$ cat protein-v3.cif   # mmCIF, C-alpha atoms and all ligand atoms
data_coords
loop_
_atom_site.label_atom_id
_atom_site.label_comp_id
_atom_site.auth_asym_id
_atom_site.auth_seq_id
_atom_site.Cartn_x
_atom_site.Cartn_y
_atom_site.Cartn_z
CA MET A 21 -28.14 -26.62 -1.37
CA ILE A 22 -27.60 -23.11 -0.04
CA ASP A 23 -24.31 -23.37 1.78
CA LEU A 24 -24.06 -20.90 4.67
CA ARG A 25 -21.54 -22.94 6.66
CA SER A 26 -18.53 -20.77 5.82
CA ASP A 27 -17.13 -18.26 3.37
CA THR A 28 -14.47 -20.84 2.50
CA VAL A 29 -16.90 -22.87 0.37
CA THR A 30 -16.84 -20.52 -2.64
CA ARG A 31 -15.76 -21.73 -6.08
CA PRO A 32 -13.51 -19.54 -8.25
CA THR A 33 -15.50 -17.48 -10.74
CA PRO A 34 -14.94 -17.90 -14.51
CA ALA A 35 -13.01 -14.60 -14.58
CA MET A 36 -10.82 -15.72 -11.69
CA ARG A 37 -10.13 -19.03 -13.44
CA GLN A 38 -9.20 -17.08 -16.58
CA ALA A 39 -6.72 -14.98 -14.57
CA MET A 40 -5.27 -18.19 -13.15
CA ALA A 41 -4.95 -19.78 -16.58
CA GLU A 42 -3.13 -16.73 -17.93
CA ALA A 43 -0.79 -16.22 -14.95
CA GLU A 44 2.90 -15.74 -15.65
CA VAL A 45 4.74 -18.25 -13.51
CA GLY A 46 8.23 -19.29 -12.42
CA ASP A 47 9.75 -21.38 -9.64
CA ASP A 48 8.77 -19.64 -6.43
CA VAL A 49 11.21 -21.62 -4.28
CA TYR A 50 13.87 -19.84 -6.35
CA GLY A 51 11.94 -16.60 -5.80
CA GLU A 52 11.26 -16.47 -9.54
CA ASP A 53 7.50 -16.51 -9.81
CA PRO A 54 6.53 -12.99 -10.96
CA THR A 55 2.87 -13.37 -9.98
CA VAL A 56 3.72 -14.53 -6.46
CA ASN A 57 6.26 -11.73 -6.11
CA ALA A 58 3.68 -9.18 -7.27
CA LEU A 59 1.06 -10.53 -4.84
CA GLU A 60 3.50 -10.41 -1.93
CA ALA A 61 4.52 -6.82 -2.76
CA GLU A 62 0.89 -5.76 -3.16
CA VAL A 63 -0.25 -7.24 0.16
CA ALA A 64 2.79 -5.88 2.04
CA ASP A 65 1.94 -2.43 0.70
CA LEU A 66 -1.78 -2.73 1.53
CA LEU A 67 -0.92 -3.73 5.10
CA GLY A 68 1.83 -1.13 5.53
CA GLN A 69 4.40 -3.84 6.28
CA GLU A 70 7.88 -4.17 4.75
CA ALA A 71 7.46 -7.58 3.15
CA ALA A 72 5.10 -10.53 2.75
CA LEU A 73 5.10 -14.26 2.06
CA PHE A 74 2.51 -16.27 0.12
CA VAL A 75 1.46 -19.43 2.00
CA PRO A 76 -1.13 -22.11 1.22
CA SER A 77 -3.34 -21.58 4.27
CA GLY A 78 -4.36 -19.19 7.01
CA THR A 79 -3.25 -21.77 9.53
CA LEU A 80 0.27 -21.70 8.13
CA GLY A 81 0.25 -17.88 8.02
CA ASN A 82 -0.71 -17.80 11.69
CA GLN A 83 1.71 -20.52 12.71
CA LEU A 84 4.68 -18.97 10.91
CA GLY A 85 3.77 -15.57 12.34
CA ILE A 86 3.60 -16.73 15.95
CA ARG A 87 6.66 -18.93 15.79
CA LEU A 88 8.65 -15.84 14.78
CA LEU A 89 7.39 -14.01 17.85
CA VAL A 90 7.24 -16.73 20.52
CA PRO A 91 10.32 -18.85 21.28
CA PRO A 92 9.70 -22.46 22.43
CA GLY A 93 8.62 -22.56 26.08
CA LYS A 94 7.25 -19.02 26.11
CA GLU A 95 3.57 -18.21 25.83
CA LEU A 96 1.11 -16.66 23.45
CA ILE A 97 -1.99 -15.07 24.91
CA CYS A 98 -5.26 -15.04 22.99
CA ASP A 99 -8.99 -15.43 23.67
CA THR A 100 -10.51 -18.83 24.44
CA VAL A 101 -12.16 -19.23 21.02
CA ALA A 102 -9.45 -17.71 18.81
CA HIS A 103 -8.90 -19.80 15.69
CA ILE A 104 -5.22 -20.02 16.56
CA VAL A 105 -5.94 -21.94 19.79
CA ARG A 106 -9.23 -23.71 18.95
CA ALA A 107 -8.98 -24.71 15.31
CA GLU A 108 -5.33 -25.21 14.38
CA LEU A 109 -5.07 -28.64 16.02
CA GLY A 110 -2.44 -27.73 18.57
CA SER A 111 0.01 -26.77 15.85
CA ALA A 112 1.62 -24.05 17.98
CA ALA A 113 2.42 -26.65 20.64
CA VAL A 114 3.29 -29.50 18.29
CA LEU A 115 5.45 -27.55 15.86
CA GLY A 116 6.46 -24.44 17.76
CA GLY A 117 6.76 -25.47 21.41
CA ILE A 118 4.45 -22.57 22.26
CA THR A 119 2.19 -22.55 25.31
CA PHE A 120 -1.03 -20.56 25.61
CA ARG A 121 -3.07 -18.73 28.17
CA THR A 122 -6.43 -17.35 27.19
CA TRP A 123 -8.98 -14.75 28.19
CA ARG A 124 -12.71 -15.43 27.93
CA ALA A 125 -13.99 -13.01 25.33
CA GLU A 126 -17.53 -11.77 24.91
CA ARG A 127 -18.16 -12.25 21.15
CA GLY A 128 -14.41 -12.65 20.63
CA LEU A 129 -13.75 -9.04 21.56
CA LEU A 130 -10.55 -7.78 23.12
CA ASP A 131 -10.53 -7.21 26.85
CA VAL A 132 -7.38 -5.19 27.41
CA ASP A 133 -7.81 -5.00 31.20
CA GLU A 134 -7.91 -8.77 31.37
CA ILE A 135 -4.91 -9.07 29.05
CA ALA A 136 -3.01 -6.64 31.29
CA GLU A 137 -3.78 -8.94 34.24
CA LEU A 138 -2.69 -12.06 32.38
CA ILE A 139 0.62 -11.01 30.85
CA THR A 140 3.93 -11.81 32.50
CA PRO A 141 6.46 -10.59 29.93
CA ASP A 142 9.52 -11.30 32.03
CA ALA A 143 8.51 -14.02 34.46
CA GLY A 144 11.96 -15.13 35.53
CA PRO A 145 13.18 -18.71 35.95
CA HIS A 146 10.05 -20.28 37.52
CA MET A 147 7.08 -19.05 35.48
CA VAL A 148 6.28 -18.90 31.78
CA SER A 149 7.09 -15.56 30.13
CA THR A 150 4.62 -13.96 27.76
CA ALA A 151 6.15 -13.30 24.35
CA ALA A 152 3.10 -12.20 22.35
CA VAL A 153 -0.64 -11.58 22.22
CA ALA A 154 -2.73 -12.64 19.21
CA VAL A 155 -5.75 -10.67 18.02
CA GLU A 156 -8.36 -11.98 15.57
CA ASN A 157 -10.04 -9.32 13.40
CA THR A 158 -12.74 -9.99 12.38
CA HIS A 159 -13.38 -12.68 14.95
CA ASN A 160 -14.73 -15.87 13.39
CA PHE A 161 -16.26 -17.82 16.28
CA GLY A 162 -17.13 -14.54 17.97
CA GLY A 163 -19.58 -13.95 15.09
CA GLY A 164 -17.60 -11.90 12.55
CA THR A 165 -17.04 -9.15 15.09
CA VAL A 166 -14.80 -6.18 14.34
CA GLN A 167 -12.34 -5.38 17.14
CA PRO A 168 -13.12 -1.84 18.42
CA ALA A 169 -10.39 0.64 17.42
CA ALA A 170 -10.07 1.95 20.99
CA SER A 171 -9.35 -1.55 22.33
CA VAL A 172 -6.74 -2.24 19.65
CA ASP A 173 -5.11 1.12 20.42
CA ALA A 174 -5.03 0.29 24.14
CA LEU A 175 -3.46 -3.09 23.38
CA ARG A 176 -0.82 -1.50 21.15
CA ALA A 177 0.08 0.86 23.98
CA LEU A 178 0.23 -2.02 26.50
CA ALA A 179 2.49 -4.03 24.15
CA ARG A 180 4.83 -1.06 23.77
CA ASP A 181 4.93 -0.41 27.53
CA GLU A 182 5.32 -4.04 28.60
CA GLY A 183 7.51 -5.24 25.75
CA PHE A 184 5.51 -8.09 24.21
CA ALA A 185 4.84 -8.66 20.51
CA LEU A 186 1.51 -8.61 18.64
CA HIS A 187 0.23 -11.04 16.01
CA LEU A 188 -2.87 -10.25 13.96
CA ASP A 189 -4.97 -13.11 12.61
CA GLY A 190 -6.55 -11.06 9.86
CA ALA A 191 -8.11 -13.97 7.94
CA ARG A 192 -11.06 -11.60 7.45
CA LEU A 193 -9.33 -8.24 7.89
CA TRP A 194 -10.86 -7.27 4.53
CA ASN A 195 -14.31 -7.53 6.11
CA ALA A 196 -13.24 -5.29 9.01
CA HIS A 197 -11.88 -2.79 6.49
CA VAL A 198 -15.08 -2.75 4.41
CA ALA A 199 -17.35 -2.62 7.48
CA THR A 200 -15.52 0.31 9.09
CA GLY A 201 -13.91 2.15 6.16
CA VAL A 202 -10.62 2.10 8.12
CA PRO A 203 -7.66 1.54 5.75
CA LEU A 204 -6.10 -1.92 5.97
CA ARG A 205 -2.73 -0.45 6.91
CA ASP A 206 -4.28 1.30 9.90
CA LEU A 207 -5.94 -1.93 11.05
CA ALA A 208 -2.56 -3.70 10.74
CA ALA A 209 -0.46 -0.90 12.29
CA GLY A 210 1.53 -1.85 15.37
CA PHE A 211 1.27 -5.61 14.73
CA ASP A 212 4.59 -7.41 14.34
CA THR A 213 3.16 -10.17 12.15
CA VAL A 214 -0.09 -10.11 10.18
CA SER A 215 -1.76 -13.05 8.45
CA VAL A 216 -4.53 -12.43 5.89
CA CYS A 217 -6.54 -14.97 3.88
CA LEU A 218 -7.45 -14.81 0.21
CA SER A 219 -9.58 -17.96 0.45
CA LYS A 220 -12.34 -16.71 2.78
CA GLY A 221 -14.61 -13.81 1.76
CA LEU A 222 -12.35 -12.88 -1.17
CA GLY A 223 -13.21 -16.15 -2.90
CA ALA A 224 -9.77 -17.40 -4.00
CA PRO A 225 -9.49 -21.21 -3.94
CA VAL A 226 -6.21 -21.28 -1.99
CA GLY A 227 -3.86 -18.89 -0.28
CA SER A 228 -2.97 -16.62 2.57
CA VAL A 229 -0.25 -14.05 3.06
CA LEU A 230 1.94 -13.38 6.08
CA ALA A 231 3.25 -9.81 6.28
CA SER A 232 5.93 -8.44 8.60
CA SER A 233 9.39 -6.86 8.58
CA SER A 234 11.79 -7.94 5.81
CA ALA A 235 13.95 -9.79 8.33
CA ARG A 236 11.02 -11.76 9.76
CA VAL A 237 9.65 -12.60 6.33
CA ALA A 238 13.07 -13.93 5.32
CA GLU A 239 12.97 -16.16 8.40
CA ALA A 240 9.39 -17.21 7.64
CA ARG A 241 10.47 -18.18 4.12
CA VAL A 242 12.94 -20.66 5.63
CA TRP A 243 10.30 -22.10 7.97
CA ARG A 244 7.73 -22.32 5.16
CA LYS A 245 10.11 -24.58 3.21
CA ARG A 246 10.93 -26.53 6.35
CA TYR A 247 7.21 -27.16 6.92
CA GLY A 248 7.00 -28.51 3.36
CA ALA A 249 5.06 -25.56 1.96
CA GLY A 250 7.59 -24.18 -0.50
CA MET A 251 5.59 -24.10 -3.74
CA ARG A 252 6.89 -24.04 -7.29
CA GLN A 253 4.73 -22.47 -10.05
CA ALA A 254 2.45 -21.01 -7.39
CA GLY A 255 1.66 -17.99 -9.56
CA ILE A 256 -1.41 -19.91 -10.77
CA LEU A 257 -2.74 -19.64 -7.21
CA ALA A 258 -1.38 -16.17 -6.54
CA ALA A 259 -3.17 -14.95 -9.68
CA ALA A 260 -6.48 -15.92 -8.06
CA GLY A 261 -5.48 -13.88 -5.02
CA ARG A 262 -4.51 -10.87 -7.12
CA TYR A 263 -7.80 -11.13 -9.01
CA ALA A 264 -9.66 -11.32 -5.69
CA LEU A 265 -7.92 -8.22 -4.35
CA ALA A 266 -8.83 -6.29 -7.48
CA HIS A 267 -12.45 -7.43 -7.75
CA HIS A 268 -13.76 -8.95 -4.53
CA VAL A 269 -12.95 -6.56 -1.70
CA ASP A 270 -15.57 -3.85 -2.16
CA ARG A 271 -18.30 -6.43 -2.81
CA LEU A 272 -17.92 -7.71 0.77
CA ALA A 273 -20.39 -4.92 1.59
CA ASP A 274 -23.04 -7.05 -0.18
CA ASP A 275 -22.19 -10.03 2.06
CA HIS A 276 -22.52 -7.78 5.11
CA ALA A 277 -25.90 -6.47 3.96
CA ARG A 278 -27.11 -10.04 3.37
CA ALA A 279 -25.95 -11.10 6.83
CA GLY A 280 -27.90 -8.14 8.19
CA ARG A 281 -31.03 -9.36 6.34
CA LEU A 282 -30.62 -12.86 7.75
CA ALA A 283 -30.22 -11.46 11.25
CA GLU A 284 -33.30 -9.29 10.97
CA ALA A 285 -35.43 -12.14 9.62
CA LEU A 286 -34.25 -14.52 12.34
CA ASP A 287 -34.67 -11.99 15.12
CA VAL A 288 -30.98 -11.85 15.94
CA ASP A 289 -29.84 -8.66 17.65
CA PRO A 290 -28.48 -6.59 14.72
CA SER A 291 -25.83 -5.02 16.95
CA THR A 292 -24.15 -8.46 17.11
CA VAL A 293 -23.71 -8.65 13.34
CA ASP A 294 -20.78 -6.52 12.22
CA THR A 295 -19.85 -8.27 8.97
CA ASN A 296 -20.72 -11.49 7.10
CA ILE A 297 -21.28 -13.84 10.04
CA VAL A 298 -24.47 -14.35 12.02
CA ALA A 299 -23.97 -16.35 15.21
CA PHE A 300 -27.08 -17.01 17.26
CA ASP A 301 -28.36 -19.13 20.13
CA VAL A 302 -30.87 -21.94 19.63
CA PRO A 303 -31.99 -24.61 22.11
CA ASP A 304 -30.37 -27.44 20.09
CA ALA A 305 -27.93 -26.35 17.38
CA PRO A 306 -27.23 -29.81 15.88
CA ALA A 307 -30.99 -30.45 15.57
CA VAL A 308 -31.51 -27.06 13.87
CA ALA A 309 -28.61 -27.77 11.48
CA ALA A 310 -30.05 -31.20 10.62
CA ALA A 311 -33.52 -29.75 10.02
CA ALA A 312 -32.05 -26.93 7.92
CA ARG A 313 -30.22 -29.48 5.78
CA GLU A 314 -33.56 -31.20 5.11
CA GLN A 315 -34.80 -27.84 3.82
CA GLY A 316 -31.76 -27.41 1.55
CA VAL A 317 -29.74 -25.03 3.76
CA LEU A 318 -26.37 -25.89 5.28
CA ILE A 319 -25.39 -24.09 8.49
CA SER A 320 -22.61 -24.53 11.08
CA VAL A 321 -22.84 -25.64 14.67
CA LEU A 322 -20.52 -23.58 16.90
CA SER A 323 -21.49 -25.27 20.14
CA PRO A 324 -24.47 -27.32 21.40
CA ARG A 325 -26.61 -24.19 21.60
CA ARG A 326 -25.01 -21.84 19.08
CA ALA A 327 -25.34 -21.87 15.30
CA ARG A 328 -23.55 -19.85 12.61
CA LEU A 329 -24.49 -18.56 9.17
CA VAL A 330 -21.88 -17.05 6.86
CA THR A 331 -22.64 -15.08 3.70
CA HIS A 332 -20.24 -15.11 0.75
CA LEU A 333 -19.64 -14.75 -2.96
CA ASP A 334 -21.74 -17.80 -3.87
CA VAL A 335 -24.97 -16.73 -2.12
CA ASP A 336 -27.04 -14.04 -3.80
CA ASP A 337 -30.20 -12.25 -2.69
CA ASP A 338 -32.49 -15.02 -3.97
CA ALA A 339 -30.53 -17.62 -2.00
CA ILE A 340 -30.89 -15.45 1.11
CA ASP A 341 -34.66 -15.23 0.54
CA GLN A 342 -34.88 -19.03 0.29
CA ALA A 343 -32.65 -19.50 3.35
CA ILE A 344 -34.84 -17.14 5.37
CA LYS A 345 -37.97 -19.12 4.42
CA ALA A 346 -36.31 -22.36 5.49
CA LEU A 347 -34.68 -21.07 8.67
CA GLN A 348 -37.39 -18.82 10.13
CA PRO A 349 -39.55 -21.67 11.50
CA LEU A 350 -36.47 -23.49 12.82
CA ALA A 351 -34.87 -20.55 14.61
CA ALA A 352 -38.12 -19.35 16.19
C1 LIG A 401 -9.97 -16.46 11.84
C2 LIG A 401 -9.34 -17.56 11.07
N1 LIG A 401 -8.00 -17.67 11.08
C3 LIG A 401 -7.37 -18.64 10.40
C4 LIG A 401 -8.07 -19.55 9.65
C5 LIG A 401 -7.32 -20.66 8.96
O1 LIG A 401 -7.38 -20.62 7.60
P1 LIG A 401 -7.16 -21.96 6.74
O2 LIG A 401 -8.42 -22.72 6.79
O3 LIG A 401 -6.82 -21.41 5.38
O4 LIG A 401 -6.01 -22.68 7.34
C6 LIG A 401 -9.47 -19.47 9.60
C7 LIG A 401 -10.25 -20.46 8.81
O5 LIG A 401 -11.44 -20.42 8.72
C8 LIG A 401 -10.10 -18.45 10.34
O6 LIG A 401 -11.45 -18.33 10.35
#
$ encode --input "protein-v3.cif" --output "structure tokens" --more "lines below"
Ligand SMILES: Cc1ncc(COP(=O)(O)O)c(C=O)c1O
Amino acid sequence: MIDLRSDTVTRPTPAMRQAMAEAEVGDDVYGEDPTVNALEAEVADLLGQEAALFVPSGTLGNQLGIRLLVPPGKELICDTVAHIVRAELGSAAVLGGITFRTWRAERGLLDVDEIAELITPDAGPHMVSTAAVAVENTHNFGGGTVQPAASVDALRALARDEGFALHLDGARLWNAHVATGVPLRDLAAGFDTVSVCLSKGLGAPVGSVLASSSARVAEARVWRKRYGAGMRQAGILAAAGRYALAHHVDRLADDHARAGRLAEALDVDPSTVDTNIVAFDVPDAPAVAAAAREQGVLISVLSPRRARLVTHLDVDDDAIDQAIKALQPLAA
């Protein structure tokens, strides 16, 4: 099977497993795991933030980040298909008492004019006050899109002027960095909390990191334990993340090139493919996915008429050639 459903399906490479086996470890709930501490310091530095916290999943990174920014009963604004509102099972409401309003985003892209219309930072005693806006970069269900720098700049300025906070869901910020050449710290600048994943394109089996100010990270550490995600000898997992940062960032360019090849072969507008995700319309996405499976290719269904292909560490050029052969007649 050629698995193009997601970049989360990768298996750790032999070299990554070796790094995990050799990791120096300690009890991370005591703050004594040297590999976790090194990973947290490294990611904080890469993102230009004061501190960082290793967490098991991107969902937890997002949820800890937004609960630090949005008190119960206030609102978070994001787009209608942001992972944080569509794919985290209502966690912000269930665990954080957070309400949402959303803007409808073309390909997941920021629409700062619409955000400016939506926000009500200080809504008084009758209406819900906006505490924060969440941005996803790259945008998963939007098709791996990179948020345009000018839009992010405009949003930063709006947040400063209107006094609301900014959360960045940077599960695939590495892809945005490689696609644009913009340093990670510039992509993360101006965001109050930033969540990045090691288990997507970077190919680690587990792990995300939430970065922010030292004070917020200290608070997030308390909530992480409260949510039951304090981990002990987690250096075994953090070692995979450190290995991924050292060896798997630059190679994302290969995933992007392969996504470009898929798009070209399937007649998808290349301007809609910024990184490693190809999202495209078909008359019947579940039927196409079922037929693709028969041909040995796994793909995702985003909606009844939209399908998604994701390139990653475990699909090479030959696999892309085979996938193209199988998918071309189905996507036509
Ligand atoms: C944009 C985005 N944010 C957050 C997550 C959540 O990550 P996890 O599956 O590790 O909870 C995902 C997962 O695919 C994602 O695509």
$ closest_residue --input "protein-v3.cif" --among "A:Thr79, A:Thr295, A:Ser219, A:Ser149" --to "Ala249 in chain A" --atoms "all atoms listed in the file"
A:Thr79
$ closest_residue --input "protein-v3.cif" --among "A:Ala235, A:Ile256, A:Ala240, A:Val75" --to "Leu218 in chain A" --atoms "all atoms listed in the file"
A:Val75
$ residues_around --input "protein-v3.cif" --residues "range 117-127 of chain A" --least-positions-apart "6" --cutoff "8 Å" --atoms "all atoms listed in the file" --output "VMD selection string"
chain A and resid 87 90 to 101 105 134 to 135 138 159 161 to 163 165
$ write_last_selection --input "protein-v3.cif" --atoms "C-alpha atoms" --output "PDB file, keeping the file's coordinate frame"
ATOM      1  CA  ARG A  87       6.660 -18.930  15.790  1.00  0.00           C
ATOM      2  CA  VAL A  90       7.240 -16.730  20.520  1.00  0.00           C
ATOM      3  CA  PRO A  91      10.320 -18.850  21.280  1.00  0.00           C
ATOM      4  CA  PRO A  92       9.700 -22.460  22.430  1.00  0.00           C
ATOM      5  CA  GLY A  93       8.620 -22.560  26.080  1.00  0.00           C
ATOM      6  CA  LYS A  94       7.250 -19.020  26.110  1.00  0.00           C
ATOM      7  CA  GLU A  95       3.570 -18.210  25.830  1.00  0.00           C
ATOM      8  CA  LEU A  96       1.110 -16.660  23.450  1.00  0.00           C
ATOM      9  CA  ILE A  97      -1.990 -15.070  24.910  1.00  0.00           C
ATOM     10  CA  CYS A  98      -5.260 -15.040  22.990  1.00  0.00           C
ATOM     11  CA  ASP A  99      -8.990 -15.430  23.670  1.00  0.00           C
ATOM     12  CA  THR A 100     -10.510 -18.830  24.440  1.00  0.00           C
ATOM     13  CA  VAL A 101     -12.160 -19.230  21.020  1.00  0.00           C
ATOM     14  CA  VAL A 105      -5.940 -21.940  19.790  1.00  0.00           C
ATOM     15  CA  GLU A 134      -7.910  -8.770  31.370  1.00  0.00           C
ATOM     16  CA  ILE A 135      -4.910  -9.070  29.050  1.00  0.00           C
ATOM     17  CA  LEU A 138      -2.690 -12.060  32.380  1.00  0.00           C
ATOM     18  CA  HIS A 159     -13.380 -12.680  14.950  1.00  0.00           C
ATOM     19  CA  PHE A 161     -16.260 -17.820  16.280  1.00  0.00           C
ATOM     20  CA  GLY A 162     -17.130 -14.540  17.970  1.00  0.00           C
ATOM     21  CA  GLY A 163     -19.580 -13.950  15.090  1.00  0.00           C
ATOM     22  CA  THR A 165     -17.040  -9.150  15.090  1.00  0.00           C
TER      23      THR A 165
END
$ residues_near_ligand --input "protein-v3.cif" --ligand "ligand LIG 401 (chain A)" --cutoff "7 Å" --atoms "only C-alpha atoms and all ligand atoms" --output "ChimeraX atom specification"
/A:28,77-80,82,103-104,156,159-160,189-192,217,219,227-228
$ residues_near_point --input "protein-v3.cif" --point "(-29.5, -23.3, 1.0)" --cutoff "12 Å" --atoms "only C-alpha atoms" --output "count of residues only"
32
$ residues_near_point --input "protein-v3.cif" --point "(4.4, -2.2, 2.5)" --cutoff "10 Å" --atoms "only C-alpha atoms" --output "list in words"
Glu60, Ala61, Glu62, Val63, Ala64, Asp65, Leu66, Leu67, Gly68, Gln69, Glu70, Ala71, Ala72, Arg205, Ala231, Ser232, Ser233 and Ser234 of chain A
$ closest_residue --input "protein-v3.cif" --among "A:Ser291, A:Ser111, A:Asn157, A:Asn195" --to "Leu222 in chain A" --atoms "all atoms listed in the file"
A:Asn195
$ atom_distance --input "protein-v3.cif" --atom1 "CA of Val216 in chain A" --atom2 "CA of Ser323 in chain A"
25.6 Å
$ residues_around --input "protein-v3.cif" --residues "His276 in chain A" --least-positions-apart "3" --cutoff "7 Å" --atoms "only C-alpha atoms" --output "list in words"
Leu272, Ala273, Ala279, Gly280, Thr295 and Asn296 of chain A
$ closest_residue --input "protein-v3.cif" --among "A:Gly81, A:Gly128, A:Arg180, A:Asp294" --to "Val214 in chain A" --atoms "all atoms listed in the file"
A:Gly81
$ atom_distance --input "protein-v3.cif" --atom1 "CA of Thr213 in chain A" --atom2 "CA of Leu186 in chain A"
6.9 Å
$ closest_residue --input "protein-v3.cif" --among "A:Leu333, A:Val166, A:Ala258, A:Val237" --to "Pro32 in chain A" --atoms "only C-alpha atoms"
A:Leu333
$ closest_residue --input "protein-v3.cif" --among "A:Leu193, A:Leu130, A:Ala224, A:Leu204" --to "His267 in chain A" --atoms "all atoms listed in the file"
A:Ala224
$ atom_distance --input "protein-v3.cif" --atom1 "CA of Gly223 in chain A" --atom2 "CA of Arg325 in chain A"
29.1 Å
$ residues_around --input "protein-v3.cif" --residues "Arg326 in chain A" --least-positions-apart "2" --cutoff "9 Å" --atoms "all atoms listed in the file" --output "list in words"
Ala299, Phe300, Asp301, Val302, Pro303, Asp304, Ala305, Pro306, Ser320, Val321, Leu322, Ser323, Pro324 and Arg328 of chain A
$ write_last_selection --input "protein-v3.cif" --atoms "C-alpha atoms" --output "PDB file, in the coordinates of the input"
ATOM      1  CA  ALA A 299     -23.970 -16.350  15.210  1.00  0.00           C
ATOM      2  CA  PHE A 300     -27.080 -17.010  17.260  1.00  0.00           C
ATOM      3  CA  ASP A 301     -28.360 -19.130  20.130  1.00  0.00           C
ATOM      4  CA  VAL A 302     -30.870 -21.940  19.630  1.00  0.00           C
ATOM      5  CA  PRO A 303     -31.990 -24.610  22.110  1.00  0.00           C
ATOM      6  CA  ASP A 304     -30.370 -27.440  20.090  1.00  0.00           C
ATOM      7  CA  ALA A 305     -27.930 -26.350  17.380  1.00  0.00           C
ATOM      8  CA  PRO A 306     -27.230 -29.810  15.880  1.00  0.00           C
ATOM      9  CA  SER A 320     -22.610 -24.530  11.080  1.00  0.00           C
ATOM     10  CA  VAL A 321     -22.840 -25.640  14.670  1.00  0.00           C
ATOM     11  CA  LEU A 322     -20.520 -23.580  16.900  1.00  0.00           C
ATOM     12  CA  SER A 323     -21.490 -25.270  20.140  1.00  0.00           C
ATOM     13  CA  PRO A 324     -24.470 -27.320  21.400  1.00  0.00           C
ATOM     14  CA  ARG A 328     -23.550 -19.850  12.610  1.00  0.00           C
TER      15      ARG A 328
END
$ residues_around --input "protein-v3.cif" --residues "Leu175 in chain A" --least-positions-apart "2" --cutoff "9 Å" --atoms "all atoms listed in the file" --output "compact mmCIF listing (two decimals) with C-alpha atoms, in the frame of the given file"
# COMPACT_ATOMS: atom_id res chain seq x y z
CA LEU A 130 -10.55 -7.78 23.12
CA ASP A 131 -10.53 -7.21 26.85
CA VAL A 132 -7.38 -5.19 27.41
CA ILE A 135 -4.91 -9.07 29.05
CA ALA A 136 -3.01 -6.64 31.29
CA ALA A 170 -10.07 1.95 20.99
CA SER A 171 -9.35 -1.55 22.33
CA VAL A 172 -6.74 -2.24 19.65
CA ASP A 173 -5.11 1.12 20.42
CA ALA A 177 0.08 0.86 23.98
CA LEU A 178 0.23 -2.02 26.50
CA ALA A 179 2.49 -4.03 24.15
CA ARG A 180 4.83 -1.06 23.77
CA LEU A 186 1.51 -8.61 18.64
